[in-house]
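A quick write-up on the structure given underneath.
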Amino acid sequence: MVKREVIPANQSSAGHIECSVCDMYPLCRPFRINNIDYDLVRQVVRRRIPVKRGTTLFLRGDQAPSFYAICAGSFKEIISNKDKEAEPRIIGFVLPGELSGLDSYASGIRHFNLQALEPSAVCELCFESLANLKTGVPGVQQSLISMLTDEVVRNQNFQLMFMGRQRASERLATFLINLAHRYSTTNGVLATQFKLTMNRSDIGDYLSLATETVSRVFVQFQENGWITIAGKQVSINQREALLELSAP
C-alpha cells in the first residue's frame, strides 16, 4: 500500500524550518522584497511542508495543480506501469534546491510517482496562482525562469553524460560525478563529500544495472582508492579517475 502525504490547505508553521537555513533560500530571496511582497508570495507557496521517509507526495495520473521545490532531504521519481505485471521504474532522483512536477504544467496530470527517500521538506507552488502574480511581486518571474532553466539543464546534462555508457563502471562513475555537480558549492566547485540517500537497489534500477553489480563496482572503486564510503557518506578521493570513466 502506498503511503501518501495529505497536505492540509492551511499548513501550520509548527515544525517548519526558517527560510534562512533552507537549501533553497538563494532562490527564494527575490520573492521577499518587503512585507507586502512576502504576503503575496504566501498566496502561492506552502512553505517547509515536512514529509516522512517513504511517503508518496503524488502518484502518476493524479491531477497536478502545483509543483514542488525540495527544501531538505531527497526524493525518487518512479514510473508506475498500468500493467501490474511490469515492475515500477526509477527515472530520477531529486535533491535539495531542485524541483519536481514541472513537467505537468501543460497536461495538468502527473507523469510519475514522487516518493521521499528520507525525512524531507518541500515547498508547494501553485501553477495558477503563480501565473496570476506576473506583475504582483517583483522578482518572481525572474526567479521562476531561473529555476525552470536549472531544471531543464540538470536533466539534459545527465542524459548527455549517460549516453553511450555501456560498462557498469562507466555508468556508476557518471552517476557519482553527476551527484557531485548537483551537490557542488555556490561557486561551482565540485563536491567531494555528499550523502548517498538512495540504496544500491534504487541506483541499479536507475542505471539499468543489477544490485549486485552496483555493489561490486562500488567495492572496486574503493579498492582503487577512488572513493571512500562510510555508511551513506561518500567521499571522492580521485575525481580525475571518475571523470575519465565518465568522459564521452
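Residues are named by chain letter and number: chains run A, B, ... in the order of the C-alpha cells, numbers start at 1 in each chain, and ligands are numbered from 1 in the order shown.
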
Find the residues around region 103-119 of chain A up to 9 Å (only C-alpha atoms counted), leave out those fewer than 6 positions away in its own chain, and share them as a VMD selection string.
-> chain A and resid 4 50 to 67 72 to 80 91 127 197 to 198

Can you work out the spacing between CA of Val45 (chain A) and CA of Glu124 (chain A) in Å, to one decimal?
-> 5.6 Å

Can you tell me how far CA of Glu244 (chain A) sits from CA of Ile227 (chain A), in Å to one decimal?
->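 Computing it gives 14.2 Å between the two atoms.
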
With only C-alpha atoms as the atoms that count, which of A:Lys195, A:Arg200, A:His181, A:Arg216 lies nearest to Ser169 (chain A)?
-> A:Arg216

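Distances here use only C-alpha atoms; by that measure, the residue among A:Val219, A:Val234, A:Leu179, A:Leu190 closest to Gly92 (chain A) is A:Leu179.
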